[in-house]
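*Asks:* This is target.tsv (TSV, C-alpha atoms).
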chain	number	residue	atom	x	y	z
A	1	MET	CA	23.53	-1.13	-20.24
A	2	LYS	CA	26.24	-2.83	-22.27
A	3	LEU	CA	28.33	-5.66	-20.83
A	4	VAL	CA	31.91	-5.30	-22.11
A	5	ARG	CA	33.62	-8.00	-20.04
A	6	LYS	CA	32.92	-10.35	-17.15
A	7	ASP	CA	35.80	-12.06	-15.30
A	8	LEU	CA	34.57	-14.13	-12.36
A	9	GLU	CA	36.56	-16.74	-10.43
A	10	LYS	CA	35.17	-20.03	-9.07
A	11	ASP	CA	34.62	-18.43	-5.65
A	12	ASN	CA	32.56	-15.68	-7.39
A	13	ALA	CA	35.21	-13.00	-6.83
A	14	GLY	CA	36.17	-10.94	-9.86
A	15	GLN	CA	35.26	-7.91	-11.94
A	16	VAL	CA	32.75	-6.74	-14.50
A	17	THR	CA	33.16	-3.95	-17.07
A	18	LEU	CA	29.96	-2.14	-18.08
A	19	ILE	CA	28.91	0.88	-20.14
A	20	PRO	CA	25.77	2.73	-18.91
A	21	GLU	CA	23.78	3.85	-21.97
A	22	GLU	CA	20.58	5.29	-20.46
A	23	PRO	CA	19.78	7.33	-17.32
A	24	GLU	CA	18.11	4.27	-15.77
A	25	ASP	CA	21.39	2.36	-16.01
A	26	MET	CA	22.65	4.63	-13.21
A	27	TRP	CA	19.91	3.18	-10.96
A	28	HIS	CA	21.07	-0.35	-11.81
A	29	THR	CA	24.68	0.65	-11.09
A	30	TYR	CA	23.62	2.15	-7.73
A	31	ASN	CA	22.17	-1.25	-6.81
A	32	LEU	CA	25.35	-3.06	-7.91
A	33	LEU	CA	27.71	-0.90	-5.83
A	34	GLN	CA	28.54	-1.64	-2.20
A	35	VAL	CA	30.90	-0.11	0.32
A	36	GLY	CA	34.24	-1.95	0.07
A	37	ASP	CA	33.94	-2.63	-3.69
A	38	SER	CA	36.64	-1.44	-6.08
A	39	LEU	CA	35.52	0.95	-8.85
A	40	ARG	CA	37.72	1.92	-11.79
A	41	ALA	CA	36.44	4.74	-14.02
A	42	SER	CA	37.41	7.85	-15.94
A	43	THR	CA	37.08	11.07	-13.94
A	44	ILE	CA	38.16	14.73	-13.89
A	45	ARG	CA	40.60	15.85	-11.17
A	46	LYS	CA	41.71	19.39	-10.34
A	47	VAL	CA	45.52	19.33	-10.25
A	48	GLN	CA	47.89	22.04	-9.01
A	49	THR	CA	50.98	22.64	-11.14
A	50	GLU	CA	54.10	24.67	-10.40
A	51	SER	CA	55.97	26.33	-13.27
A	52	ALA	CA	59.76	26.81	-13.53
A	53	THR	CA	59.37	30.35	-12.20
A	54	GLY	CA	57.60	29.09	-9.09
A	55	SER	CA	54.09	30.33	-9.96
A	56	VAL	CA	51.31	27.91	-8.97
A	57	GLY	CA	48.37	27.22	-11.26
A	58	SER	CA	45.60	24.66	-11.40
A	59	SER	CA	44.05	22.74	-14.25
A	60	ARG	CA	41.38	20.10	-14.69
A	61	ILE	CA	42.74	16.82	-16.02
A	62	ARG	CA	40.86	13.69	-17.12
A	63	THR	CA	42.40	10.58	-15.62
A	64	THR	CA	41.39	7.02	-14.72
A	65	LEU	CA	41.20	6.19	-11.00
A	66	THR	CA	40.52	3.04	-9.00
A	67	LEU	CA	38.68	3.77	-5.75
A	68	CYS	CA	37.79	1.67	-2.74
A	69	VAL	CA	34.11	2.66	-2.41
A	70	GLU	CA	33.18	4.41	0.87
A	71	ALA	CA	30.00	6.36	0.04
A	72	ILE	CA	27.42	6.22	-2.77
A	73	ASP	CA	25.01	9.04	-3.61
A	74	PHE	CA	22.19	8.63	-6.15
A	75	ASP	CA	19.94	11.47	-7.38
A	76	SER	CA	16.79	9.73	-8.66
A	77	GLN	CA	15.38	12.75	-10.52
A	78	ALA	CA	18.57	13.63	-12.41
A	79	CYS	CA	19.68	9.95	-12.53
A	80	GLN	CA	23.18	10.98	-11.43
A	81	LEU	CA	25.49	8.72	-9.43
A	82	ARG	CA	28.46	9.91	-7.38
A	83	VAL	CA	30.85	7.50	-5.72
A	84	LYS	CA	33.31	8.65	-3.04
A	85	GLY	CA	36.33	6.64	-1.95
A	86	THR	CA	40.10	6.44	-1.56
A	87	ASN	CA	42.53	5.88	-4.41
A	88	ILE	CA	44.00	2.36	-4.28
A	89	GLN	CA	46.10	2.33	-7.45
A	90	GLU	CA	49.19	4.33	-8.48
A	91	ASN	CA	48.31	7.49	-10.41
A	92	GLU	CA	50.53	10.39	-11.50
A	93	TYR	CA	47.95	13.00	-10.38
A	94	VAL	CA	46.41	11.44	-7.27
A	95	LYS	CA	48.30	10.04	-4.28
A	96	MET	CA	47.54	6.59	-2.87
A	97	GLY	CA	44.89	6.86	-0.15
A	98	ALA	CA	43.71	10.31	-1.32
A	99	TYR	CA	39.93	10.90	-1.40
A	100	HIS	CA	38.12	11.48	-4.68
A	101	THR	CA	34.51	11.51	-5.91
A	102	ILE	CA	33.77	9.94	-9.28
A	103	GLU	CA	30.57	10.95	-11.07
A	104	LEU	CA	29.71	8.06	-13.37
A	105	GLU	CA	28.77	9.26	-16.86
A	106	PRO	CA	26.59	7.77	-19.58
A	107	ASN	CA	28.52	6.06	-22.42
A	108	ARG	CA	31.76	5.91	-20.38
A	109	GLN	CA	32.76	2.45	-19.25
A	110	PHE	CA	33.59	1.53	-15.66
A	111	THR	CA	34.96	-1.62	-14.04
A	112	LEU	CA	33.51	-2.90	-10.78
A	113	ALA	CA	35.39	-5.50	-8.72
A	114	LYS	CA	33.87	-7.42	-5.80
A	115	LYS	CA	35.15	-10.08	-3.42
A	116	GLN	CA	31.79	-11.85	-3.81
A	117	TRP	CA	29.28	-11.53	-6.67
A	118	ASP	CA	26.00	-12.98	-5.38
A	119	SER	CA	23.03	-14.24	-7.43
A	120	VAL	CA	20.92	-11.08	-6.92
A	121	VAL	CA	23.66	-8.78	-8.27
A	122	LEU	CA	24.37	-11.04	-11.26
A	123	GLU	CA	20.65	-11.19	-12.08
A	124	ARG	CA	20.46	-7.38	-12.04
A	125	ILE	CA	23.32	-7.19	-14.57
A	126	GLU	CA	21.45	-9.63	-16.83
A	127	GLN	CA	18.27	-7.53	-16.61
A	128	ALA	CA	20.10	-4.23	-17.14
A	129	CYS	CA	21.82	-5.58	-20.27
A	130	ASP	CA	18.58	-7.02	-21.72
A	131	PRO	CA	17.12	-4.48	-24.21
A	132	ALA	CA	13.58	-5.82	-23.59
A	133	TRP	CA	13.67	-4.22	-20.12
A	134	SER	CA	13.27	-0.66	-21.36
A	135	ALA	CA	10.91	2.16	-20.38
A	136	ASP	CA	7.72	1.80	-22.35
A	137	VAL	CA	4.88	3.16	-20.19
A	138	ALA	CA	3.92	6.76	-19.43
A	139	ALA	CA	1.10	7.95	-17.19
A	140	VAL	CA	-0.85	11.13	-16.52
A	141	VAL	CA	-2.53	10.93	-13.10
A	142	MET	CA	-4.93	13.86	-12.70
A	143	GLN	CA	-7.83	15.52	-10.94
A	144	GLU	CA	-9.26	19.02	-11.44
A	145	GLY	CA	-6.35	21.42	-10.97
A	146	LEU	CA	-3.63	18.80	-10.28
A	147	ALA	CA	-1.76	16.46	-12.64
A	148	HIS	CA	1.40	14.34	-12.49
A	149	VAL	CA	3.11	13.28	-15.72
A	150	CYS	CA	5.17	10.14	-14.97
A	151	LEU	CA	7.37	7.67	-16.80
A	152	VAL	CA	7.04	4.10	-15.55
A	153	THR	CA	10.29	2.26	-16.28
A	154	PRO	CA	11.00	-1.33	-15.19
A	155	SER	CA	12.87	-0.01	-12.13
A	156	MET	CA	11.25	3.24	-11.11
A	157	THR	CA	8.38	5.69	-11.41
A	158	LEU	CA	9.82	9.05	-12.45
A	159	THR	CA	7.70	12.18	-12.03
A	160	ARG	CA	8.59	14.30	-15.04
A	161	ALA	CA	6.14	17.16	-14.46
A	162	LYS	CA	3.66	18.36	-11.86
A	163	VAL	CA	0.93	20.75	-13.05
A	164	GLU	CA	-1.09	22.72	-10.50
A	165	VAL	CA	-3.72	25.33	-11.43
A	166	ASN	CA	-6.24	26.91	-9.07
A	167	ILE	CA	-9.74	26.15	-10.46
A	168	PRO	CA	-12.51	28.45	-9.11
A	169	ARG	CA	-15.83	26.81	-8.24
A	170	LYS	CA	-18.79	27.02	-10.60
A	171	ARG	CA	-21.25	29.76	-9.67
A	172	LYS	CA	-24.93	29.97	-10.50
A	173	GLY	CA	-25.33	31.58	-13.88
A	174	ASN	CA	-21.57	32.17	-14.30
A	175	CYS	CA	-19.20	29.33	-15.14
A	176	SER	CA	-16.80	31.32	-17.32
A	177	GLN	CA	-14.01	31.66	-14.71
A	178	HIS	CA	-14.16	27.94	-13.91
A	179	ASP	CA	-14.13	26.97	-17.60
A	180	ARG	CA	-11.25	29.32	-18.47
A	181	ALA	CA	-9.10	28.00	-15.59
A	182	LEU	CA	-9.90	24.41	-16.55
A	183	GLU	CA	-8.90	25.07	-20.16
A	184	ARG	CA	-5.64	26.67	-18.99
A	185	PHE	CA	-4.97	23.60	-16.82
A	186	TYR	CA	-5.64	21.16	-19.67
A	187	GLU	CA	-3.38	23.17	-21.99
A	188	GLN	CA	-0.48	22.99	-19.50
A	189	VAL	CA	-0.92	19.21	-19.14
A	190	VAL	CA	-0.88	18.78	-22.95
A	191	GLN	CA	2.36	20.79	-23.12
A	192	ALA	CA	3.90	18.62	-20.36
A	193	ILE	CA	2.93	15.44	-22.27
A	194	GLN	CA	4.55	16.71	-25.47
A	195	ARG	CA	7.69	17.85	-23.61
A	196	HIS	CA	8.31	14.76	-21.47
A	197	ILE	CA	6.90	11.71	-23.30
A	198	ASN	CA	8.96	10.13	-26.07
A	199	PHE	CA	6.32	8.46	-28.27
A	200	GLU	CA	8.98	6.51	-30.19
A	201	VAL	CA	9.71	4.48	-27.03
A	202	VAL	CA	6.44	4.62	-25.09
A	203	LYS	CA	3.92	1.89	-25.99
A	204	CYS	CA	1.09	3.16	-23.83
A	205	VAL	CA	0.06	6.40	-22.07
A	206	LEU	CA	-2.30	5.89	-19.14
A	207	VAL	CA	-4.64	8.80	-18.39
A	208	ALA	CA	-6.02	8.20	-14.90
A	209	SER	CA	-8.45	10.33	-12.86
A	210	PRO	CA	-11.55	10.24	-10.68
A	211	GLY	CA	-14.91	11.07	-12.29
A	212	PHE	CA	-15.02	12.34	-15.87
A	213	VAL	CA	-11.83	14.44	-15.75
A	214	ARG	CA	-9.87	12.02	-17.99
A	215	GLU	CA	-12.62	11.92	-20.66
A	216	GLN	CA	-12.96	15.72	-20.69
A	217	PHE	CA	-9.18	16.13	-20.86
A	218	CYS	CA	-8.74	13.64	-23.71
A	219	ASP	CA	-11.62	15.26	-25.66
A	220	TYR	CA	-9.97	18.67	-25.20
A	221	MET	CA	-6.48	17.38	-26.14
A	222	PHE	CA	-7.54	15.71	-29.40
A	223	GLN	CA	-9.90	18.56	-30.41
A	224	GLN	CA	-6.95	20.96	-30.03
A	225	ALA	CA	-4.69	18.50	-31.89
A	226	VAL	CA	-7.12	18.51	-34.84
A	227	LYS	CA	-7.39	22.33	-34.78
A	228	THR	CA	-3.62	22.86	-34.68
A	229	ASP	CA	-2.84	19.81	-36.89
A	230	ASN	CA	-0.65	18.33	-34.14
A	231	LYS	CA	0.60	15.20	-35.92
A	232	LEU	CA	2.53	13.90	-32.87
A	233	LEU	CA	-0.66	13.54	-30.78
A	234	LEU	CA	-2.93	12.47	-33.63
A	235	GLU	CA	-0.57	9.71	-34.83
A	236	ASN	CA	-0.23	8.34	-31.29
A	237	ARG	CA	-3.90	8.60	-30.33
A	238	SER	CA	-4.25	4.80	-30.06
A	239	LYS	CA	-1.58	4.71	-27.33
A	240	PHE	CA	-3.74	6.68	-24.86
A	241	LEU	CA	-5.68	4.50	-22.43
A	242	GLN	CA	-8.22	5.97	-19.97
A	243	VAL	CA	-8.48	4.38	-16.53
A	244	HIS	CA	-9.93	5.22	-13.12
A	245	SER	CA	-7.90	6.47	-10.16
A	246	SER	CA	-9.05	7.93	-6.84
A	247	SER	CA	-7.01	11.15	-7.16
A	248	GLY	CA	-4.39	13.03	-9.17
A	249	HIS	CA	-1.57	12.18	-6.73
A	250	LYS	CA	1.35	9.97	-7.75
A	251	TYR	CA	0.39	7.13	-5.36
A	252	ALA	CA	-2.92	6.69	-7.26
A	253	LEU	CA	-0.87	5.31	-10.17
A	254	LYS	CA	-0.89	1.92	-8.41
A	255	GLU	CA	-4.70	1.72	-8.86
A	256	ALA	CA	-4.36	2.57	-12.54
A	257	LEU	CA	-1.78	-0.20	-13.05
A	258	CYS	CA	-4.11	-2.66	-11.25
A	259	ASP	CA	-6.93	-2.08	-13.77
A	260	PRO	CA	-7.52	-5.35	-15.76
A	261	ALA	CA	-7.63	-3.46	-19.07
A	262	VAL	CA	-4.23	-1.94	-18.28
A	263	ALA	CA	-2.78	-5.21	-17.01
A	264	SER	CA	-3.64	-6.98	-20.27
A	265	ARG	CA	-2.09	-4.12	-22.29
A	266	LEU	CA	1.04	-4.05	-20.14
A	267	SER	CA	1.29	-7.76	-19.42
A	268	ASP	CA	4.89	-7.80	-20.66
A	269	THR	CA	6.11	-5.03	-18.37
A	270	LYS	CA	7.76	-5.64	-15.00
A	271	ALA	CA	5.87	-2.74	-13.33
A	272	ALA	CA	2.46	-4.32	-13.96
A	273	GLY	CA	3.74	-7.68	-12.68
A	274	GLU	CA	4.94	-6.11	-9.43
A	275	VAL	CA	1.65	-4.32	-8.85
A	276	LYS	CA	-0.33	-7.53	-9.49
A	277	ALA	CA	1.88	-9.52	-7.08
A	278	LEU	CA	1.38	-6.93	-4.34
A	279	ASP	CA	-2.36	-6.83	-5.04
A	280	ASP	CA	-2.53	-10.65	-4.78
A	281	PHE	CA	-0.66	-10.47	-1.47
A	282	TYR	CA	-3.15	-7.95	0.01
A	283	LYS	CA	-6.11	-10.06	-1.14
A	284	MET	CA	-4.54	-13.14	0.44
A	285	LEU	CA	-3.87	-11.22	3.67
A	286	GLN	CA	-7.54	-10.24	3.79
A	287	HIS	CA	-9.14	-13.60	2.91
A	288	GLU	CA	-6.56	-16.22	3.97
A	289	PRO	CA	-4.16	-14.59	6.45
A	290	ASP	CA	-2.44	-17.96	7.12
A	291	ARG	CA	-1.16	-17.85	3.51
A	292	ALA	CA	0.25	-14.29	3.56
A	293	PHE	CA	3.28	-13.47	5.72
A	294	TYR	CA	5.50	-10.42	5.99
A	295	GLY	CA	8.57	-9.57	8.06
A	296	LEU	CA	11.88	-11.40	7.68
A	297	LYS	CA	11.49	-13.86	10.59
A	298	HIS	CA	7.97	-14.92	9.53
A	299	VAL	CA	8.97	-15.31	5.89
A	300	GLU	CA	12.10	-17.31	6.79
A	301	LYS	CA	9.99	-19.68	8.92
A	302	ALA	CA	7.57	-20.16	6.02
A	303	ASN	CA	10.53	-20.83	3.72
A	304	GLU	CA	11.83	-23.53	6.13
A	305	ALA	CA	8.46	-25.24	5.65
A	306	MET	CA	9.01	-24.92	1.83
A	307	ALA	CA	5.66	-23.11	1.72
A	308	ILE	CA	6.56	-19.97	-0.29
A	309	ASP	CA	4.91	-19.70	-3.69
A	310	THR	CA	5.83	-16.04	-4.38
A	311	LEU	CA	8.43	-13.98	-2.52
A	312	LEU	CA	8.07	-10.19	-2.69
A	313	ILE	CA	11.27	-8.39	-1.67
A	314	SER	CA	12.49	-4.79	-2.01
A	315	ASP	CA	15.83	-4.09	-3.72
A	316	GLU	CA	16.51	-1.65	-0.86
A	317	LEU	CA	17.31	-4.63	1.40
A	318	PHE	CA	20.18	-5.71	-0.88
A	319	ARG	CA	21.84	-2.31	-0.36
A	320	HIS	CA	22.27	-3.07	3.35
A	321	GLN	CA	25.78	-2.10	4.54
A	322	ASP	CA	26.06	-5.12	6.84
A	323	VAL	CA	27.44	-8.03	4.77
A	324	ALA	CA	25.83	-10.71	6.98
A	325	THR	CA	22.36	-9.10	6.75
A	326	ARG	CA	22.64	-8.75	2.98
A	327	ALA	CA	23.79	-12.39	2.71
A	328	ARG	CA	20.71	-13.42	4.71
A	329	TYR	CA	18.38	-11.81	2.13
A	330	VAL	CA	20.34	-13.34	-0.79
A	331	LYS	CA	20.16	-16.79	0.88
A	332	LEU	CA	16.36	-16.39	1.25
A	333	VAL	CA	16.00	-15.51	-2.47
A	334	ASP	CA	18.18	-18.45	-3.56
A	335	SER	CA	16.36	-20.87	-1.27
A	336	VAL	CA	12.87	-19.84	-2.53
A	337	ARG	CA	14.05	-20.36	-6.13
A	338	GLU	CA	15.52	-23.77	-5.26
A	339	ASN	CA	12.10	-24.73	-3.85
A	340	MET	CA	10.48	-23.75	-7.19
A	341	GLY	CA	9.01	-20.51	-5.81
A	342	THR	CA	8.75	-17.23	-7.76
A	343	VAL	CA	10.85	-14.26	-6.62
A	344	ARG	CA	9.82	-10.69	-7.43
A	345	ILE	CA	12.41	-8.05	-6.57
A	346	PHE	CA	10.58	-4.73	-6.23
A	347	SER	CA	12.22	-1.40	-6.97
A	348	SER	CA	12.09	0.97	-3.98
A	349	LEU	CA	11.57	3.83	-6.48
A	350	HIS	CA	8.29	2.33	-7.73
A	351	VAL	CA	4.97	3.10	-6.06
A	352	SER	CA	4.52	-0.63	-5.39
A	353	GLY	CA	8.05	-0.83	-3.96
A	354	GLU	CA	7.30	2.05	-1.58
A	355	GLN	CA	4.23	0.16	-0.32
A	356	LEU	CA	6.20	-3.04	0.15
A	357	GLY	CA	8.75	-1.00	2.10
A	358	GLN	CA	5.99	-0.12	4.58
A	359	LEU	CA	5.50	-3.89	5.10
A	360	THR	CA	9.18	-4.33	6.19
A	361	GLY	CA	10.29	-4.79	2.54
A	362	VAL	CA	9.76	-8.56	2.52
A	363	ALA	CA	6.50	-10.52	2.14
A	364	ALA	CA	5.37	-13.91	0.84
A	365	ILE	CA	2.31	-15.59	-0.64
A	366	LEU	CA	2.27	-19.22	0.54
A	367	ARG	CA	1.31	-22.42	-1.31
A	368	PHE	CA	-0.52	-23.72	1.74
A	369	PRO	CA	-1.53	-22.29	5.13
A	370	VAL	CA	1.14	-22.35	7.84
A	371	ALA	CA	-1.09	-21.84	10.86
A	372	GLU	CA	1.49	-23.19	13.34
A	373	LEU	CA	3.64	-20.11	12.89
A	374	SER	CA	0.78	-17.74	13.69
A	375	ASP	CA	-0.09	-19.89	16.71
A	376	GLN	CA	3.52	-19.80	17.92
A	377	GLU	CA	3.53	-16.02	17.64
A	378	ASP	CA	0.27	-15.80	19.61
A	379	GLU	CA	1.65	-18.09	22.33
A	380	SER	CA	4.91	-16.15	22.63
A	381	SER	CA	3.10	-12.80	22.78
A	382	SER	CA	0.68	-14.12	25.48
A	383	GLU	CA	3.68	-15.38	27.50
A	384	GLU	CA	5.25	-11.92	27.28
A	385	ASP	CA	1.99	-10.37	28.56
Could you spell out this file's structure in structure tokens?

*Replies:*
Amino acid sequence: MKLVRKDLEKDNAGQVTLIPEEPEDMWHTYNLLQVGDSLRASTIRKVQTESATGSVGSSRIRTTLTLCVEAIDFDSQACQLRVKGTNIQENEYVKMGAYHTIELEPNRQFTLAKKQWDSVVLERIEQACDPAWSADVAAVVMQEGLAHVCLVTPSMTLTRAKVEVNIPRKRKGNCSQHDRALERFYEQVVQAIQRHINFEVVKCVLVASPGFVREQFCDYMFQQAVKTDNKLLLENRSKFLQVHSSSGHKYALKEALCDPAVASRLSDTKAAGEVKALDDFYKMLQHEPDRAFYGLKHVEKANEAMAIDTLLISDELFRHQDVATRARYVKLVDSVRENMGTVRIFSSLHVSGEQLGQLTGVAAILRFPVAELSDQEDESSSEED
């Protein structure tokens, strides 16, 4: 994302002009937009024209519109963003108050105006415009007959290909059918890797599986690469890292990212940091439950006691339509930072973000136990009984 201009007033009202350069920038933009914002961008509008003879025709015209945002639709697989709203600025083709849908396009600038730019939104702009926050991890999560080829970007886990092949069981004295099907499966996974992974950007490719599937697959892949003189795979051999996972499903990627060998290799990526924070929270919940809270009310109480060391919060909560509710989450984030706590904003499109979403979307690891809160909850629940 490229920041062209930022004009903010003292009361944090104002506008920002940005140019999305990569598909992931659409995800950042989706998180910046809110109902009631003003969006100015180039768009194509179908316009009816009447000639001197009275015949009516229609043509598609590119024009720049300013909409008051009413609905936002994001397609995570195609990374496309459509914004629907009413026109709020004079335009020769579109009447004031008329509805239009703008599809934001890569490399075309847009201007977003808000009545209030809060700290969370401004931080996201900083991150989106920082070139260090780019996609640099790929993963192949597999088991016999099933594989997912994913790209792990700082903000989401994108499934680029799913490979499914029926593998017959081994039979006594006859393994040929099983072996042929397995070879066909491996070949399809290799093709998916070559098609969907850009080795110029990716620093590391995780190959995760239960048992010996990953070793057998990597042996097959590099033997074939030597036979066919596949320079792309041979030159990037050092980027492949084998790790354990319980299955070939996408959710097993979390286990792979938790592996210490992977964590050290990916220590500079946001995805690994999120997974580690969530893992630390679960460990704390298991061993010292008085130092691990989740749910907004519990976490707010812990924050009042200035006890929060690390706040884990899903970006989904900042897309809340109710301004007061959103402001409550922003206030919590600002307060934790003021008290020298760490804030980790999880992407709801990441595996770790999905898990945090199941825990209400907000959780905290505390500096010290806050047993009083748990006791209060127990007392109130016993009174209700």

*Asks:* Write out as a PyMOL selection string each polymer residue whose atoms come within 10 Å of Arg237 in chain A, counting all atoms listed in the file; drop sequence neighbours fewer than 2 positions from it.

*Replies:* chain A and resi 204-205+218+222+231-235+239-241

*Asks:* One number please: CA of Ala263 in chain A to CA of Thr153 in chain A, in Å, one decimal.

*Replies:*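 So the two atoms, CA of Ala263 in chain A and CA of Thr153 in chain A, lie 15.1 Å apart.
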
*Asks:* Excluding same-chain residues fewer than 2 positions from Leu3 in chain A, what lies within 8 Å of it counting all atoms listed in the file, as a list in words?

*Replies:*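 In the requested format, the answer is Met1, Arg5, Lys6, Val16, Thr17, Leu18, Ile19 and Cys129 of chain A.
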
*Asks:* Which protein, DNA or RNA residues are at most 7 Å from (9.3, -6.9, 6.3) in the file's coordinates when you count all atoms listed in the file, listed as a list in words?

*Replies:*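 The answer, in the requested form, is Tyr294, Gly295, Leu296, Leu359, Thr360, Gly361, Val362 and Ala363 of chain A.
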
*Asks:* Which residue is closest to Ala147 in chain A? Choose from A:Leu356, A:Val299, A:Leu65, A:Ala252 and count only C-alpha atoms.

*Replies:* A:Ala252

*Asks:* Work out how far apart CA of Ala364 in chain A and CA of Gly273 in chain A are and give it in Å to one decimal.

*Replies:* 15.0 Å

*Asks:* Would you mind reading off the distance between CA of Gly85 in chain A and CA of Arg40 in chain A, one decimal, in Å?

*Replies:*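 Going from CA of Gly85 in chain A over to CA of Arg40 in chain A covers 11.0 Å.
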
*Asks:* Which residues, written as a count of residues only, have at least one atom at most 12 Å from Thr111 in chain A, with all atoms listed in the file counted and residues fewer than 2 positions away on the same chain left out?

*Replies:* 30

*Asks:* Measuring between only C-alpha atoms, which one of A:Gln321, A:Gln358, A:Ser347, A:Gln224 shows the shortest distance to Val35 in chain A?

*Replies:* A:Gln321

*Asks:* So, counting all atoms listed in the file, which residue among A:Arg171, A:Gly211, A:Ala78, A:Glu92 is closest to Ile61 in chain A?

*Replies:* A:Glu92

*Asks:* Around the point (24.3, -6.9, -9.1), in the coordinates given by the file, pick out the residues reaching within 9 Å, counting only C-alpha atoms, and return them as a list in words.

*Replies:*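 The distance filter leaves exactly His28, Thr29, Asn31, Leu32, Leu33, Trp117, Asp118, Ser119, Val120, Val121, Leu122, Glu123, Arg124, Ile125 and Glu126 of chain A.
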
*Asks:* Those same residues, written as a PDB file, keeping the file's coordinate frame with C-alpha atoms?

*Replies:*
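Output saved as result.pdb:
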ATOM      1  CA  HIS A  28      21.070  -0.350 -11.810  1.00  0.00           C
ATOM      2  CA  THR A  29      24.680   0.650 -11.090  1.00  0.00           C
ATOM      3  CA  ASN A  31      22.170  -1.250  -6.810  1.00  0.00           C
ATOM      4  CA  LEU A  32      25.350  -3.060  -7.910  1.00  0.00           C
ATOM      5  CA  LEU A  33      27.710  -0.900  -5.830  1.00  0.00           C
ATOM      6  CA  TRP A 117      29.280 -11.530  -6.670  1.00  0.00           C
ATOM      7  CA  ASP A 118      26.000 -12.980  -5.380  1.00  0.00           C
ATOM      8  CA  SER A 119      23.030 -14.240  -7.430  1.00  0.00           C
ATOM      9  CA  VAL A 120      20.920 -11.080  -6.920  1.00  0.00           C
ATOM     10  CA  VAL A 121      23.660  -8.780  -8.270  1.00  0.00           C
ATOM     11  CA  LEU A 122      24.370 -11.040 -11.260  1.00  0.00           C
ATOM     12  CA  GLU A 123      20.650 -11.190 -12.080  1.00  0.00           C
ATOM     13  CA  ARG A 124      20.460  -7.380 -12.040  1.00  0.00           C
ATOM     14  CA  ILE A 125      23.320  -7.190 -14.570  1.00  0.00           C
ATOM     15  CA  GLU A 126      21.450  -9.630 -16.830  1.00  0.00           C
TER      16      GLU A 126
END

*Asks:* Can you pull out every residue within 10 Å of Met306 in chain A, counting all atoms listed in the file, but drop anything in the same chain fewer than 6 positions away, and send it as a PDB file with C-alpha atoms, in the frame of the given file?

*Replies:*
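Saved as part18.pdb:
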ATOM      1  CA  GLU A 300      12.100 -17.310   6.790  1.00  0.00           C
ATOM      2  CA  SER A 335      16.360 -20.870  -1.270  1.00  0.00           C
ATOM      3  CA  VAL A 336      12.870 -19.840  -2.530  1.00  0.00           C
ATOM      4  CA  GLU A 338      15.520 -23.770  -5.260  1.00  0.00           C
ATOM      5  CA  ASN A 339      12.100 -24.730  -3.850  1.00  0.00           C
ATOM      6  CA  MET A 340      10.480 -23.750  -7.190  1.00  0.00           C
ATOM      7  CA  GLY A 341       9.010 -20.510  -5.810  1.00  0.00           C
ATOM      8  CA  LEU A 366       2.270 -19.220   0.540  1.00  0.00           C
ATOM      9  CA  ARG A 367       1.310 -22.420  -1.310  1.00  0.00           C
ATOM     10  CA  PHE A 368      -0.520 -23.720   1.740  1.00  0.00           C
TER      11      PHE A 368
END

*Asks:* Counting all atoms listed in the file, which of A:Tyr220, A:Tyr329, A:Phe281, A:Tyr30 gets nearest to Asp309 in chain A?

*Replies:*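 Of the candidates, the smallest distance to Asp309 in chain A is held by A:Phe281.
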
*Asks:* I need the residue nearest Leu8 in chain A from this list: A:Val137, A:Met26, A:Gln116, A:Thr53. Use all atoms listed in the file for the distance.

*Replies:*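 Among A:Val137, A:Met26, A:Gln116, A:Thr53, it is A:Gln116 that comes nearest to Leu8 in chain A.
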
*Asks:* Of the candidates A:Lys297, A:Lys283, A:Lys254, A:Arg169, which shows the shortest atom-to-atom distance to Gln355 in chain A, using only C-alpha atoms?

*Replies:*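 Result for the nearest residue to Gln355 in chain A: A:Lys254.
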
*Asks:* Write out as a PyMOL selection string which residues come within 10 Å of Gly357 in chain A when counting all atoms listed in the file, dropping same-chain ones fewer than 5 positions away.

*Replies:* chain A and resi 313-317+346-348+351-352+362-363

*Asks:* Go ahead and write the residues just picked, C-alpha atoms, as a PDB file, in the coordinates of the input.

*Replies:*
ATOM      1  CA  ILE A 313      11.270  -8.390  -1.670  1.00  0.00           C
ATOM      2  CA  SER A 314      12.490  -4.790  -2.010  1.00  0.00           C
ATOM      3  CA  ASP A 315      15.830  -4.090  -3.720  1.00  0.00           C
ATOM      4  CA  GLU A 316      16.510  -1.650  -0.860  1.00  0.00           C
ATOM      5  CA  LEU A 317      17.310  -4.630   1.400  1.00  0.00           C
ATOM      6  CA  PHE A 346      10.580  -4.730  -6.230  1.00  0.00           C
ATOM      7  CA  SER A 347      12.220  -1.400  -6.970  1.00  0.00           C
ATOM      8  CA  SER A 348      12.090   0.970  -3.980  1.00  0.00           C
ATOM      9  CA  VAL A 351       4.970   3.100  -6.060  1.00  0.00           C
ATOM     10  CA  SER A 352       4.520  -0.630  -5.390  1.00  0.00           C
ATOM     11  CA  VAL A 362       9.760  -8.560   2.520  1.00  0.00           C
ATOM     12  CA  ALA A 363       6.500 -10.520   2.140  1.00  0.00           C
TER      13      ALA A 363
END
